[in-house]
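Novice: Once you've had a glance at the structure underneath, I'll fire off some questions.
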Amino acid sequence: MLLEASTKDSITVLVVTGPVGSADVPELVDVVERRCATEPRGIVLDLTGVIELSAPVVEALQELASRSRFWPYPSLSLCASPLTGLGGAAVHRDAAQALRHVDDRSAAPRQRIELPSGPESPGLARVAVASFLSGLGLAALSDDVALVVSEMVTNAVRHGWAPVVLELETAADAVVIAVDDASPLAPRPRQADEQAEGGRGLMLVDLLSVEHGVRPQPPGKTVWARLQLPAACS
């Protein structure tokens, strides 16, 4: 496998050529994830010069593409020959077509709030959530979203490093929450007994969200969660 990287209009273009086998999966995934961490406008993965894709490679690429459908991951546009077996609506015929679709997600409403790294941050975050959702006619979601935001911001303040940044985005069927901090260490769930006042933060995030995760954001990380919109709102 040969891989060449370039940048076009703040979009990272990764051109892969030659046969790509199972042994190449870790390197390919690592390159894409490291490029995601630089927060490009988007990523185009050009596979039109690939001779053959093994089944594990196809599976890994489909997983990367699925993950990139949702912010805070940059959008990932794939282009490949039909002969590679990498089917799906998200696969484009060439790099030019893929480049035209990089900004397909860009219209979603988003808000970014820089927070102080102190005990007042969760309260400020909850106020920001209420204002953001109310402005979009989604005030009914404020309680659940505010609870998740409060837990994520509290974790960043207690265990991460400043600066702490909260970002909110609404998509067609979800609200996505992202909290950035400067510590590279991923949050770890803790066991809390029934009488404990803390320790349930990640458990609540897991309970209320349909997806959540952590991605590198050098020098720190982004912790994110996606909450499903009720059918009446989507």
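Each chain in the structure tokens gets a letter, A, B and so on, in the order shown; residues start at 1 in every chain, and ligands are counted from 1 in the order they appear.
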Tell me, as number ranges by chain, which residues lie within 12 Å of Ser75 of chain A, counting only C-alpha atoms; anything in the same chain fewer than 6 positions away does not count.
Specialist: A: 11-13, 32-33, 35-36, 39-45, 64-69, 90, 98-106
Novice: Tell me, as a PyMOL selection string, which residues lie within 9 Å of Pro187 of chain A, counting only C-alpha atoms; anything in the same chain fewer than 6 positions away does not count.
Specialist: chain A and resi 155-156+159-160+202+214+223
Novice: Please provide as a count of residues only all residues within 12 Å of segment 135-143 of chain A, with the sequence filter that same-chain residues fewer than 3 positions apart are discarded (counting only C-alpha atoms).
Specialist: 32
